[in-house]
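S.K.: Sharing data-v2.csv (CSV, C-alpha atoms) below.
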chain,number,residue,atom,x,y,z
B,1,MET,CA,24.8,-55.8,58.2
B,2,LYS,CA,25.2,-52.0,58.4
B,3,ILE,CA,28.0,-50.6,60.6
B,4,SER,CA,28.3,-46.9,61.3
B,5,ILE,CA,31.7,-45.8,62.5
B,6,ALA,CA,30.2,-42.6,63.9
B,7,LYS,CA,27.6,-44.4,65.8
B,8,ILE,CA,29.9,-47.0,67.4
B,9,CYS,CA,32.9,-44.8,68.0
B,10,LYS,CA,31.1,-41.4,68.2
B,11,LYS,CA,33.8,-38.9,67.1
B,12,MET,CA,36.5,-41.0,68.6
B,13,ALA,CA,37.8,-43.2,65.9
B,14,VAL,CA,41.5,-42.8,66.8
B,15,THR,CA,42.9,-45.3,69.2
B,16,ARG,CA,43.4,-49.0,69.1
B,17,ASP,CA,40.7,-49.3,71.7
B,18,ASP,CA,38.3,-47.5,69.4
B,19,GLY,CA,39.3,-49.8,66.5
B,20,GLU,CA,38.8,-52.8,68.7
B,21,LYS,CA,35.1,-52.0,69.1
B,22,ILE,CA,34.6,-52.3,65.3
B,23,ASN,CA,36.8,-55.4,65.1
B,24,LYS,CA,34.7,-57.0,67.8
B,25,VAL,CA,31.5,-56.5,65.9
B,26,LEU,CA,33.0,-57.8,62.6
B,27,SER,CA,34.7,-60.8,64.2
B,28,GLU,CA,31.6,-61.9,66.1
B,29,LYS,CA,29.3,-61.7,63.1
B,30,TRP,CA,31.9,-62.7,60.4
B,31,ASP,CA,30.4,-66.2,59.8
B,32,ASP,CA,26.8,-65.1,60.1
B,33,GLU,CA,26.8,-62.2,57.7
B,34,THR,CA,27.4,-62.2,53.9
B,35,VAL,CA,28.3,-58.5,53.6
B,36,PHE,CA,29.2,-55.7,56.1
B,37,ASP,CA,28.3,-52.2,54.9
B,38,ILE,CA,30.7,-50.0,56.8
B,39,ASP,CA,29.8,-46.3,56.8
B,40,PHE,CA,32.6,-43.8,57.5
B,41,ASN,CA,30.1,-41.0,57.4
B,42,ASN,CA,32.6,-38.8,55.5
B,43,ILE,CA,34.6,-38.2,58.7
B,44,LEU,CA,38.4,-38.1,58.3
B,45,VAL,CA,39.8,-40.8,60.6
B,46,ALA,CA,43.5,-40.7,59.6
B,47,SER,CA,44.6,-43.1,62.3
B,48,VAL,CA,46.9,-45.9,61.6
B,49,SER,CA,46.2,-47.4,65.0
B,50,PHE,CA,42.4,-47.4,64.5
B,51,MET,CA,42.5,-48.8,61.0
B,52,ASP,CA,44.9,-51.5,61.9
B,53,GLU,CA,43.0,-52.7,65.0
B,54,ALA,CA,39.6,-52.4,63.3
B,55,PHE,CA,40.4,-53.9,59.8
B,56,GLY,CA,44.2,-54.7,59.5
B,57,LYS,CA,43.9,-57.6,62.0
B,58,LEU,CA,41.2,-59.2,59.9
B,59,ALA,CA,43.8,-59.6,57.1
B,60,MET,CA,45.7,-61.9,59.5
B,61,GLN,CA,42.8,-64.3,59.7
B,62,HIS,CA,41.1,-64.0,56.3
B,63,THR,CA,42.2,-63.9,52.6
B,64,LYS,CA,42.3,-60.8,50.5
B,65,LYS,CA,39.4,-62.3,48.5
B,66,ASP,CA,37.3,-62.9,51.6
B,67,LEU,CA,37.9,-59.3,52.7
B,68,GLN,CA,36.8,-58.0,49.4
B,69,LYS,CA,33.7,-60.1,49.3
B,70,LYS,CA,32.5,-59.3,52.8
B,71,LEU,CA,33.6,-55.7,53.5
B,72,LYS,CA,32.0,-52.8,51.6
B,73,PHE,CA,33.1,-49.3,52.6
B,74,GLN,CA,30.8,-46.3,52.1
B,75,ASN,CA,31.3,-42.5,52.5
B,76,ILE,CA,35.0,-43.1,53.1
B,77,LEU,CA,37.4,-40.2,52.2
B,78,ASP,CA,40.2,-40.8,49.7
B,79,TYR,CA,42.9,-40.4,52.4
B,80,ASP,CA,41.3,-43.0,54.6
B,81,ARG,CA,40.8,-45.4,51.7
B,82,ALA,CA,44.5,-45.2,50.8
B,83,LEU,CA,45.5,-45.6,54.5
B,84,LEU,CA,43.2,-48.7,54.8
B,85,ASN,CA,44.6,-50.3,51.7
B,86,ASP,CA,48.2,-49.6,52.8
B,87,ILE,CA,47.5,-51.2,56.2
B,88,LEU,CA,45.8,-54.2,54.7
B,89,TYR,CA,48.8,-54.8,52.4
B,90,SER,CA,51.2,-54.5,55.4
B,91,ARG,CA,49.2,-57.1,57.3
B,92,LEU,CA,48.9,-59.4,54.3
B,93,ARG,CA,52.7,-59.2,53.8
B,94,GLN,CA,53.2,-60.0,57.5
B,95,LYS,CA,50.9,-63.0,57.3
B,96,GLU,CA,52.8,-64.3,54.2
B,97,LEU,CA,56.2,-63.9,56.0
B,98,ARG,CA,54.8,-65.8,59.0
B,99,GLU,CA,53.4,-68.6,56.9
B,100,ASP,CA,56.8,-68.9,55.1
B,101,GLY,CA,58.5,-69.0,58.4
B,102,THR,CA,56.2,-71.7,59.6
B,103,SER,CA,56.7,-73.9,56.5
B,104,VAL,CA,60.5,-73.6,56.8
B,105,ARG,CA,60.4,-74.6,60.5
B,106,ASN,CA,58.0,-77.4,59.8
B,107,GLY,CA,59.8,-78.5,56.7
V,1,MET,CA,70.8,-22.3,96.1
V,2,ASP,CA,69.6,-20.2,93.2
V,3,LEU,CA,70.0,-21.3,89.6
V,4,GLN,CA,70.1,-18.9,86.8
V,5,LEU,CA,69.7,-20.2,83.3
V,6,GLN,CA,70.6,-17.9,80.4
V,7,TYR,CA,68.8,-18.9,77.2
V,8,PRO,CA,70.3,-18.3,73.8
V,9,LYS,CA,69.1,-15.9,71.0
V,10,LEU,CA,67.6,-18.7,69.0
V,11,GLN,CA,65.5,-21.5,70.6
V,12,THR,CA,65.4,-23.9,67.7
V,13,ILE,CA,66.4,-27.6,67.3
V,14,THR,CA,69.7,-26.5,65.7
V,15,PHE,CA,70.7,-25.4,69.1
V,16,SER,CA,69.4,-28.5,70.8
V,17,ASN,CA,72.7,-29.3,72.6
V,18,GLN,CA,72.7,-25.9,74.3
V,19,LEU,CA,69.0,-26.1,75.1
V,20,LEU,CA,69.2,-29.7,76.4
V,21,LYS,CA,72.1,-28.6,78.7
V,22,LEU,CA,69.8,-25.9,80.2
V,23,CYS,CA,66.9,-28.4,80.5
V,24,HIS,CA,69.3,-31.0,82.1
V,25,GLU,CA,70.6,-28.4,84.6
V,26,ALA,CA,67.1,-27.2,85.6
V,27,ARG,CA,65.8,-30.7,86.1
V,28,THR,CA,68.9,-32.2,88.0
V,29,THR,CA,70.3,-29.3,90.0
V,30,GLU,CA,69.3,-29.5,93.7
V,31,ASN,CA,68.0,-26.0,94.2
V,32,THR,CA,64.8,-24.4,95.2
V,33,LYS,CA,64.8,-21.3,92.9
V,34,THR,CA,65.4,-21.3,89.2
V,35,LEU,CA,65.4,-18.2,86.9
V,36,PHE,CA,64.7,-18.9,83.3
V,37,ASP,CA,66.3,-15.9,81.6
V,38,LEU,CA,64.9,-15.4,78.2
V,39,SER,CA,66.0,-11.8,77.9
V,40,ARG,CA,68.4,-12.5,74.9
V,41,THR,CA,66.0,-14.8,73.0
V,42,GLU,CA,64.7,-13.4,69.8
V,43,PHE,CA,63.2,-16.5,68.0
V,44,PHE,CA,61.4,-19.6,69.1
V,45,THR,CA,60.2,-22.6,67.1
V,46,PRO,CA,57.6,-25.0,68.6
V,47,PHE,CA,60.6,-27.2,69.6
V,48,GLY,CA,62.1,-24.4,71.7
V,49,ILE,CA,58.7,-23.5,73.2
V,50,ILE,CA,58.0,-27.1,74.2
V,51,LEU,CA,61.4,-27.8,75.6
V,52,LEU,CA,61.3,-24.6,77.7
V,53,SER,CA,57.7,-25.0,78.9
V,54,GLY,CA,58.1,-28.7,79.6
V,55,THR,CA,61.2,-28.0,81.6
V,56,ILE,CA,59.5,-25.3,83.7
V,57,ALA,CA,56.5,-27.6,84.2
V,58,GLU,CA,58.8,-30.5,85.3
V,59,CYS,CA,60.6,-28.1,87.8
V,60,LEU,CA,57.3,-26.9,89.2
V,61,ALA,CA,56.2,-30.5,89.7
V,62,GLN,CA,59.4,-30.9,91.7
V,63,LYS,CA,58.2,-28.1,93.9
V,64,LYS,CA,60.9,-25.7,92.7
V,65,LEU,CA,60.2,-22.0,92.5
V,66,CYS,CA,60.5,-20.8,88.9
V,67,THR,CA,60.6,-17.3,87.6
V,68,VAL,CA,60.9,-16.2,84.0
V,69,ARG,CA,62.7,-13.2,82.7
V,70,LYS,CA,60.8,-12.3,79.5
V,71,PRO,CA,62.5,-11.5,76.2
V,72,GLN,CA,63.7,-8.0,75.7
V,73,LYS,CA,62.4,-7.7,72.2
V,74,ALA,CA,58.8,-6.7,72.1
V,75,LEU,CA,58.0,-8.8,69.1
V,76,THR,CA,59.4,-12.0,70.8
V,77,LYS,CA,57.6,-11.2,74.0
V,78,LYS,CA,54.3,-10.8,72.0
V,79,PHE,CA,54.9,-14.0,70.2
V,80,LEU,CA,55.5,-15.9,73.4
V,81,SER,CA,52.3,-14.6,74.8
V,82,GLY,CA,50.5,-15.2,71.5
V,83,ILE,CA,51.4,-18.8,71.4
V,84,GLY,CA,50.0,-19.3,74.9
V,85,PHE,CA,53.1,-19.4,77.1
V,86,ASN,CA,51.8,-16.8,79.6
V,87,LYS,CA,48.4,-18.5,79.8
V,88,PHE,CA,50.0,-21.9,80.2
V,89,PHE,CA,51.8,-20.7,83.3
V,90,LYS,CA,49.1,-18.3,84.4
V,91,MET,CA,51.4,-15.4,84.1
V,92,LYS,CA,50.4,-11.7,83.5
V,93,ASN,CA,49.0,-10.9,80.1
V,94,GLY,CA,47.8,-14.5,79.8
V,95,ASP,CA,44.8,-13.4,77.9
V,96,GLN,CA,46.7,-12.2,74.8
V,97,LYS,CA,44.8,-13.3,71.7
V,98,ILE,CA,46.3,-16.5,70.2
V,99,GLU,CA,47.6,-15.6,66.7
V,100,SER,CA,45.8,-17.6,64.1
V,101,ARG,CA,48.9,-19.1,62.5
V,102,ASN,CA,49.9,-20.5,65.9
V,103,VAL,CA,48.5,-23.4,67.7
V,104,GLN,CA,48.3,-22.8,71.4
V,105,LEU,CA,50.9,-24.6,73.5
V,106,ARG,CA,49.1,-27.5,75.2
V,107,ARG,CA,49.7,-30.2,77.7
V,108,LEU,CA,47.5,-33.1,77.1
V,109,ASN,CA,46.7,-35.9,79.6
V,110,SER,CA,44.7,-38.0,77.1
V,111,ILE,CA,44.1,-38.0,73.4
V,112,ASP,CA,42.2,-34.8,72.6
V,113,TYR,CA,40.1,-35.1,69.5
V,114,LEU,CA,39.0,-31.5,69.6
V,115,PHE,CA,42.5,-30.3,69.8
V,116,THR,CA,43.4,-32.2,66.6
V,117,ASP,CA,40.4,-30.7,64.8
V,118,GLN,CA,41.4,-27.2,66.2
V,119,ILE,CA,44.9,-27.5,64.7
V,120,LEU,CA,43.5,-28.5,61.3
V,121,GLU,CA,41.0,-25.6,61.5
V,122,VAL,CA,43.6,-23.0,62.5
V,123,PHE,CA,46.0,-24.1,59.7
V,124,GLY,CA,43.2,-24.4,57.2
V,125,ASP,CA,42.6,-20.6,57.8
V,126,SER,CA,46.2,-19.6,57.3
V,127,LEU,CA,47.3,-22.1,54.6
V,128,ARG,CA,45.9,-23.8,51.7
V,129,MET,CA,46.7,-27.4,52.5
V,130,SER,CA,46.4,-30.3,50.1
V,131,GLU,CA,44.1,-33.1,51.0
V,132,GLY,CA,47.0,-35.4,51.6
V,133,VAL,CA,48.7,-33.0,54.0
V,134,VAL,CA,45.4,-32.5,56.0
V,135,GLY,CA,45.1,-36.3,56.3
V,136,SER,CA,48.8,-36.8,57.1
V,137,LEU,CA,48.9,-34.0,59.6
V,138,LYS,CA,45.9,-35.5,61.5
V,139,MET,CA,47.5,-39.0,61.2
V,140,ALA,CA,50.8,-37.7,62.6
V,141,LEU,CA,49.0,-36.0,65.5
V,142,ASN,CA,46.9,-39.1,66.2
V,143,GLU,CA,49.9,-41.5,66.2
V,144,LEU,CA,52.2,-39.2,68.2
V,145,MET,CA,49.7,-38.6,70.9
V,146,THR,CA,48.8,-42.4,71.0
V,147,ASN,CA,52.6,-43.2,71.3
V,148,ALA,CA,53.1,-40.6,74.1
V,149,PHE,CA,50.2,-42.0,76.1
V,150,ASP,CA,50.7,-45.7,75.4
V,151,HIS,CA,54.5,-45.9,75.8
V,152,SER,CA,56.1,-42.9,77.6
V,153,GLU,CA,54.9,-43.7,81.1
V,154,SER,CA,55.0,-39.9,81.6
V,155,GLU,CA,53.2,-38.7,84.7
V,156,ARG,CA,52.3,-35.4,83.1
V,157,GLY,CA,51.1,-36.4,79.7
V,158,CYS,CA,52.6,-34.8,76.6
V,159,TYR,CA,53.2,-31.3,75.3
V,160,VAL,CA,52.1,-30.2,71.8
V,161,CYS,CA,52.9,-27.0,69.9
V,162,ALA,CA,52.6,-26.2,66.2
V,163,GLN,CA,53.1,-23.2,63.9
V,164,SER,CA,52.3,-22.4,60.3
V,165,TYR,CA,54.4,-20.2,58.1
V,166,PRO,CA,52.2,-18.9,55.3
V,167,ALA,CA,55.0,-17.2,53.4
V,168,THR,CA,57.0,-20.4,53.0
V,169,LYS,CA,53.9,-22.7,53.1
V,170,LYS,CA,55.4,-24.7,55.9
V,171,ILE,CA,54.1,-26.3,59.1
V,172,ARG,CA,56.2,-27.1,62.2
V,173,LEU,CA,54.8,-29.6,64.7
V,174,CYS,CA,56.5,-30.6,67.9
V,175,ILE,CA,55.3,-33.1,70.5
V,176,ALA,CA,57.3,-34.2,73.6
V,177,ASP,CA,56.9,-36.2,76.7
V,178,PHE,CA,59.2,-36.4,79.7
V,179,GLY,CA,58.8,-40.1,80.1
V,180,VAL,CA,61.0,-43.2,79.8
V,181,GLY,CA,62.3,-42.6,76.3
V,182,ILE,CA,62.2,-45.0,73.3
V,183,LEU,CA,65.1,-47.1,74.5
V,184,GLY,CA,63.5,-47.5,78.0
V,185,SER,CA,60.2,-48.4,76.5
V,186,LEU,CA,61.5,-51.0,73.9
V,187,ARG,CA,63.9,-52.6,76.4
V,188,LYS,CA,60.9,-53.9,78.4
V,189,ILE,CA,60.3,-56.3,75.6
V,190,ASN,CA,62.4,-59.5,75.7
V,191,LYS,CA,63.1,-59.3,72.0
V,192,TYR,CA,64.7,-55.8,72.5
V,193,ASN,CA,66.2,-56.0,76.0
V,194,SER,CA,69.8,-56.2,74.6
V,195,LEU,CA,69.4,-52.8,72.9
V,196,ASP,CA,72.0,-50.4,74.4
V,197,SER,CA,72.0,-47.3,72.3
V,198,ASP,CA,69.3,-44.6,72.0
V,199,ASN,CA,70.0,-44.1,68.3
V,200,GLU,CA,69.7,-47.8,67.7
V,201,ALA,CA,66.3,-47.7,69.5
V,202,ILE,CA,65.1,-44.7,67.5
V,203,MET,CA,66.1,-46.4,64.2
V,204,LEU,CA,64.2,-49.5,65.2
V,205,ALA,CA,61.1,-47.6,66.3
V,206,VAL,CA,60.6,-46.1,62.8
V,207,GLN,CA,60.5,-49.6,61.3
V,208,GLU,CA,57.2,-51.3,60.4
V,209,GLY,CA,55.8,-53.6,63.1
V,210,VAL,CA,58.2,-52.6,66.0
V,211,THR,CA,56.3,-51.8,69.2
V,212,SER,CA,56.7,-52.1,72.9
V,213,ARG,CA,53.1,-53.2,73.3
V,214,THR,CA,52.7,-56.6,74.8
V,215,ASP,CA,48.9,-56.9,74.7
V,216,ARG,CA,48.5,-56.4,71.0
V,217,GLU,CA,50.5,-56.0,67.9
V,218,GLY,CA,51.2,-52.6,66.2
V,219,GLY,CA,54.1,-50.4,65.4
V,220,TYR,CA,53.0,-48.8,62.2
V,221,GLY,CA,52.6,-45.1,63.4
V,222,LEU,CA,56.1,-43.8,63.3
V,223,ASN,CA,56.8,-45.7,60.1
V,224,HIS,CA,53.9,-44.0,58.4
V,225,ILE,CA,54.9,-40.6,59.6
V,226,ASN,CA,58.4,-41.1,58.3
V,227,ARG,CA,57.1,-42.3,54.9
V,228,PHE,CA,54.8,-39.3,54.7
V,229,ILE,CA,57.6,-36.8,55.5
V,230,GLU,CA,59.7,-38.5,52.8
V,231,VAL,CA,57.1,-38.0,50.0
V,232,ASN,CA,56.3,-34.5,51.4
V,233,GLU,CA,60.0,-33.6,51.2
V,234,GLY,CA,59.9,-32.5,54.8
V,235,LYS,CA,62.2,-33.0,57.8
V,236,MET,CA,61.9,-35.1,60.9
V,237,HIS,CA,63.9,-35.1,64.1
V,238,ILE,CA,63.5,-37.7,66.9
V,239,LEU,CA,65.3,-37.0,70.1
V,240,SER,CA,65.3,-39.4,73.0
V,241,GLY,CA,67.9,-40.1,75.7
V,242,ASN,CA,71.3,-39.5,74.2
V,243,GLY,CA,70.1,-40.1,70.7
V,244,LYS,CA,69.1,-37.6,68.0
V,245,ILE,CA,68.3,-38.6,64.5
V,246,PHE,CA,67.5,-36.2,61.7
V,247,TRP,CA,65.9,-37.2,58.4
V,248,ASN,CA,66.2,-34.5,55.8
V,249,TYR,CA,64.1,-35.3,52.8
V,250,SER,CA,64.1,-31.8,51.3
V,251,SER,CA,64.7,-32.0,47.5
V,252,ASN,CA,68.4,-31.1,47.5
V,253,LYS,CA,69.3,-33.5,50.3
V,254,LYS,CA,67.0,-36.4,49.5
V,255,GLY,CA,67.0,-39.1,52.1
V,256,LYS,CA,69.9,-37.7,54.1
V,257,GLU,CA,69.9,-39.2,57.6
V,258,THR,CA,72.1,-37.8,60.4
V,259,LYS,CA,72.7,-39.5,63.7
V,260,GLN,CA,74.1,-37.6,66.6
V,261,THR,CA,74.8,-38.4,70.2
V,262,VAL,CA,73.7,-35.5,72.4
V,263,LEU,CA,75.9,-34.5,75.4
V,264,TYR,CA,73.1,-34.0,77.8
V,265,PRO,CA,70.5,-36.8,77.7
V,266,PHE,CA,66.8,-35.9,77.4
V,267,GLY,CA,64.7,-37.9,79.7
V,268,GLY,CA,61.8,-38.5,77.4
V,269,THR,CA,61.1,-38.2,73.7
V,270,VAL,CA,60.7,-35.2,71.3
V,271,ILE,CA,59.4,-35.6,67.8
V,272,ASN,CA,59.8,-32.5,65.6
V,273,LEU,CA,58.3,-32.3,62.1
V,274,LEU,CA,58.6,-29.8,59.3
V,275,MET,CA,56.2,-30.3,56.5
V,276,ASN,CA,55.3,-28.6,53.2
V,277,ALA,CA,51.7,-27.6,53.3
V,278,ASP,CA,51.3,-27.3,49.5
V,279,ARG,CA,52.7,-30.7,48.5
V,280,GLU,CA,50.6,-33.8,48.2
V,281,GLY,CA,51.1,-36.1,51.1
V,282,PHE,CA,49.5,-39.4,50.5
V,283,TYR,CA,51.2,-40.9,47.5
V,284,PHE,CA,53.2,-43.0,49.9
V,285,LEU,CA,50.0,-44.8,50.6
V,286,LYS,CA,49.4,-45.8,47.0
V,287,SER,CA,50.5,-49.3,46.4
V,288,ASP,CA,51.9,-50.6,43.2
V,289,GLU,CA,49.6,-53.6,43.6
V,290,GLY,CA,46.5,-51.3,43.3
V,291,GLY,CA,43.9,-50.9,46.0
V,292,ILE,CA,42.2,-53.8,47.8
V,293,PHE,CA,39.2,-51.5,48.3
Can you turn what I pasted into structure tokens?
M.R.:
Amino acid sequence: MKISIAKICKKMAVTRDDGEKINKVLSEKWDDETVFDIDFNNILVASVSFMDEAFGKLAMQHTKKDLQKKLKFQNILDYDRALLNDILYSRLRQKELREDGTSVRNG
Amino acid sequence: MDLQLQYPKLQTITFSNQLLKLCHEARTTENTKTLFDLSRTEFFTPFGIILLSGTIAECLAQKKLCTVRKPQKALTKKFLSGIGFNKFFKMKNGDQKIESRNVQLRRLNSIDYLFTDQILEVFGDSLRMSEGVVGSLKMALNELMTNAFDHSESERGCYVCAQSYPATKKIRLCIADFGVGILGSLRKINKYNSLDSDNEAIMLAVQEGVTSRTDREGGYGLNHINRFIEVNEGKMHILSGNGKIFWNYSSNKKGKETKQTVLYPFGGTVINLLMNADREGFYFLKSDEGGIF
């Protein structure tokens, strides 16, 4: 499935509400699609809020391997790629901490 | 009763105690007429411009009559007009051409995508910015505007002003709101309602995952800005309520963090950044684990 950031968010890929639009599409179709081709259209997004809401939250529900298998990013600028990776690592660390906390409480 | 406020020679963050005293007096004194006397002022930074303009705008909103005595120095008067002060308050000579290295003083009521692009364009003309600085400057503007609108509860939005200094290849950016402040915002959350110091609240706000949002998680913006300023060897001040914290990452004072308690509380939050336009600015995003994508 092809997803164009520019088409869905226009020029407004900044806020958490903007990111939520992308997350909604991905979450709704996650089980039906094998790959999402996400096109950043070479627009500099540079928004932590947008990236976290659109993609970071997926890391709380899916494994790193699943994310790598299903998400393909095109025409994304180096800065945004670095920001995206950083946010995904933050969320994966957060998930690990929560799971550790749960296992301690349950244990 | 008339109130006359004499502003100092330098309106910069170094003189924040003096400037906050004037701001506090203007906002809290029961009077109908206030004179903002800038006759002695010779130098402004974006912090000084924003604190002054925001204070005047807040007084006008309280239906106070405000007058401004302009700086005596012709160069300072020209600078003030050039940065958009006159236009902002619809004063005479408001049509003075905005100097290219300045970004017009603006009050925003919502996130303004065009304004962010305009700042990048203006600074792109006057400075050669690295790709990391362009991205991080945009990131800082996006996050600071988002914070101001999501958390400050300010009735009059936020104020933004920035300036580039081509000779030293530096950029100053200041954004302020006259809202509830960081402590006021965090205290609304059960987890943080026992917080009782502004400095403690500021320190907490720059940590990863700390937010006053209840509907969704977040709290990465200020943390990213602080990490960027560190690799960029820049400086960051956050001023809110009685708290003021200064992170100085310039090469000779690596990581020096100074906490201060200001005498006159600022009702709201000011974030003031100084960045180096020619340094790379996104190595802080490179993980030792390598990229996922």
S.K.: Using only C-alpha atoms, find the one residue out of B:Phe50, B:Tyr79, B:Tyr89, B:Phe73 that sits nearest to Thr15 of chain B.
M.R.: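 Using only C-alpha atoms, Thr15 of chain B sits closest to B:Phe50.
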S.K.: Hey, what's within 10 Å of Ile3 of chain B if we count only C-alpha atoms and toss same-chain stuff fewer than 4 positions away? As a tab-separated table (two decimals) with C-alpha atoms, keeping the file's coordinate frame, please?
M.R.:
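Wrote it out as result-v9.tsv, contents follow:
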chain	number	residue	atom	x	y	z
B	7	LYS	CA	27.60	-44.40	65.80
B	8	ILE	CA	29.90	-47.00	67.40
B	22	ILE	CA	34.60	-52.30	65.30
B	25	VAL	CA	31.50	-56.50	65.90
B	26	LEU	CA	33.00	-57.80	62.60
B	36	PHE	CA	29.20	-55.70	56.10
B	37	ASP	CA	28.30	-52.20	54.90
B	38	ILE	CA	30.70	-50.00	56.80
B	39	ASP	CA	29.80	-46.30	56.80
B	40	PHE	CA	32.60	-43.80	57.50
B	73	PHE	CA	33.10	-49.30	52.60
B	74	GLN	CA	30.80	-46.30	52.10
S.K.: Set the cut-off to 12 Å and count all atoms listed in the file: what are the residues of chain B that reach chain V? Output as a PyMOL selection string.
M.R.: chain B and resi 10-18+20+43-57+59-60+63-74+76-94
S.K.: Since we have the selection now, will you write its residues out, keeping C-alpha atoms, as a CSV table (one decimal), in the coordinates of the input?
M.R.:
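The resulting result_24.csv:
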chain,number,residue,atom,x,y,z
B,10,LYS,CA,31.1,-41.4,68.2
B,11,LYS,CA,33.8,-38.9,67.1
B,12,MET,CA,36.5,-41.0,68.6
B,13,ALA,CA,37.8,-43.2,65.9
B,14,VAL,CA,41.5,-42.8,66.8
B,15,THR,CA,42.9,-45.3,69.2
B,16,ARG,CA,43.4,-49.0,69.1
B,17,ASP,CA,40.7,-49.3,71.7
B,18,ASP,CA,38.3,-47.5,69.4
B,20,GLU,CA,38.8,-52.8,68.7
B,43,ILE,CA,34.6,-38.2,58.7
B,44,LEU,CA,38.4,-38.1,58.3
B,45,VAL,CA,39.8,-40.8,60.6
B,46,ALA,CA,43.5,-40.7,59.6
B,47,SER,CA,44.6,-43.1,62.3
B,48,VAL,CA,46.9,-45.9,61.6
B,49,SER,CA,46.2,-47.4,65.0
B,50,PHE,CA,42.4,-47.4,64.5
B,51,MET,CA,42.5,-48.8,61.0
B,52,ASP,CA,44.9,-51.5,61.9
B,53,GLU,CA,43.0,-52.7,65.0
B,54,ALA,CA,39.6,-52.4,63.3
B,55,PHE,CA,40.4,-53.9,59.8
B,56,GLY,CA,44.2,-54.7,59.5
B,57,LYS,CA,43.9,-57.6,62.0
B,59,ALA,CA,43.8,-59.6,57.1
B,60,MET,CA,45.7,-61.9,59.5
B,63,THR,CA,42.2,-63.9,52.6
B,64,LYS,CA,42.3,-60.8,50.5
B,65,LYS,CA,39.4,-62.3,48.5
B,66,ASP,CA,37.3,-62.9,51.6
B,67,LEU,CA,37.9,-59.3,52.7
B,68,GLN,CA,36.8,-58.0,49.4
B,69,LYS,CA,33.7,-60.1,49.3
B,70,LYS,CA,32.5,-59.3,52.8
B,71,LEU,CA,33.6,-55.7,53.5
B,72,LYS,CA,32.0,-52.8,51.6
B,73,PHE,CA,33.1,-49.3,52.6
B,74,GLN,CA,30.8,-46.3,52.1
B,76,ILE,CA,35.0,-43.1,53.1
B,77,LEU,CA,37.4,-40.2,52.2
B,78,ASP,CA,40.2,-40.8,49.7
B,79,TYR,CA,42.9,-40.4,52.4
B,80,ASP,CA,41.3,-43.0,54.6
B,81,ARG,CA,40.8,-45.4,51.7
B,82,ALA,CA,44.5,-45.2,50.8
B,83,LEU,CA,45.5,-45.6,54.5
B,84,LEU,CA,43.2,-48.7,54.8
B,85,ASN,CA,44.6,-50.3,51.7
B,86,ASP,CA,48.2,-49.6,52.8
B,87,ILE,CA,47.5,-51.2,56.2
B,88,LEU,CA,45.8,-54.2,54.7
B,89,TYR,CA,48.8,-54.8,52.4
B,90,SER,CA,51.2,-54.5,55.4
B,91,ARG,CA,49.2,-57.1,57.3
B,92,LEU,CA,48.9,-59.4,54.3
B,93,ARG,CA,52.7,-59.2,53.8
B,94,GLN,CA,53.2,-60.0,57.5
S.K.: Rank nothing, just name the residue among V:Thr12, V:His151, V:Gln207, V:Leu173 nearest to Arg187 of chain V, using all atoms listed in the file.
M.R.: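 Closest residue, counting all atoms listed in the file: V:His151.
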S.K.: Would you work out the distance separating atom CA of Val270 of chain V from atom CA of Lys92 of chain V, expressed in Å to one decimal?
M.R.: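 Pair atom CA of Val270 of chain V / atom CA of Lys92 of chain V returns 28.4 Å.
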S.K.: What is the atom CA of Val180 of chain V-atom CA of Ala201 of chain V distance in Å, reported with one decimal?
M.R.: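 Rounded to one decimal, the two atoms are 12.4 Å apart.
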S.K.: Just the number, please: distance in Å from atom CA of Asn272 of chain V to atom CA of Ile238 of chain V, one decimal.
M.R.: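 Computing it gives 6.5 Å between the two atoms.
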S.K.: For Leu274 of chain V, work out the shell of residues within 7 Å, counting only C-alpha atoms and skipping chain neighbours fewer than 4 positions away, then give it as a PDB file with C-alpha atoms, in the coordinates of the input.
M.R.:
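Output below, filename around35.pdb:
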ATOM      1  CA  LYS V 170      55.400 -24.700  55.900  1.00  0.00           C
ATOM      2  CA  ILE V 171      54.100 -26.300  59.100  1.00  0.00           C
ATOM      3  CA  ARG V 172      56.200 -27.100  62.200  1.00  0.00           C
ATOM      4  CA  LEU V 173      54.800 -29.600  64.700  1.00  0.00           C
ATOM      5  CA  GLY V 234      59.900 -32.500  54.800  1.00  0.00           C
ATOM      6  CA  LYS V 235      62.200 -33.000  57.800  1.00  0.00           C
ATOM      7  CA  MET V 236      61.900 -35.100  60.900  1.00  0.00           C
TER       8      MET V 236
END
S.K.: Can you tell me, as a list of chain:residue names, what residues are no more than 8 Å from Ala162 of chain V when counting all atoms listed in the file, ignoring any on the same chain fewer than 2 positions away?
M.R.: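 Once the nearby chain positions are removed, what remains is V:Pro46, V:Asn102, V:Val103, V:Gln104, V:Leu105, V:Ile119, V:Val160, V:Ser164, V:Ile171, V:Arg172, V:Leu173, V:Cys174.
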S.K.: Filtering to C-alpha atoms, could you give me those residues as a short mmCIF file (atom, residue, chain, number, x, y, z; two decimals), in the coordinates of the input?
M.R.:
data_model
loop_
_atom_site.label_atom_id
_atom_site.label_comp_id
_atom_site.auth_asym_id
_atom_site.auth_seq_id
_atom_site.Cartn_x
_atom_site.Cartn_y
_atom_site.Cartn_z
CA PRO V 46 57.60 -25.00 68.60
CA ASN V 102 49.90 -20.50 65.90
CA VAL V 103 48.50 -23.40 67.70
CA GLN V 104 48.30 -22.80 71.40
CA LEU V 105 50.90 -24.60 73.50
CA ILE V 119 44.90 -27.50 64.70
CA VAL V 160 52.10 -30.20 71.80
CA SER V 164 52.30 -22.40 60.30
CA ILE V 171 54.10 -26.30 59.10
CA ARG V 172 56.20 -27.10 62.20
CA LEU V 173 54.80 -29.60 64.70
CA CYS V 174 56.50 -30.60 67.90
#
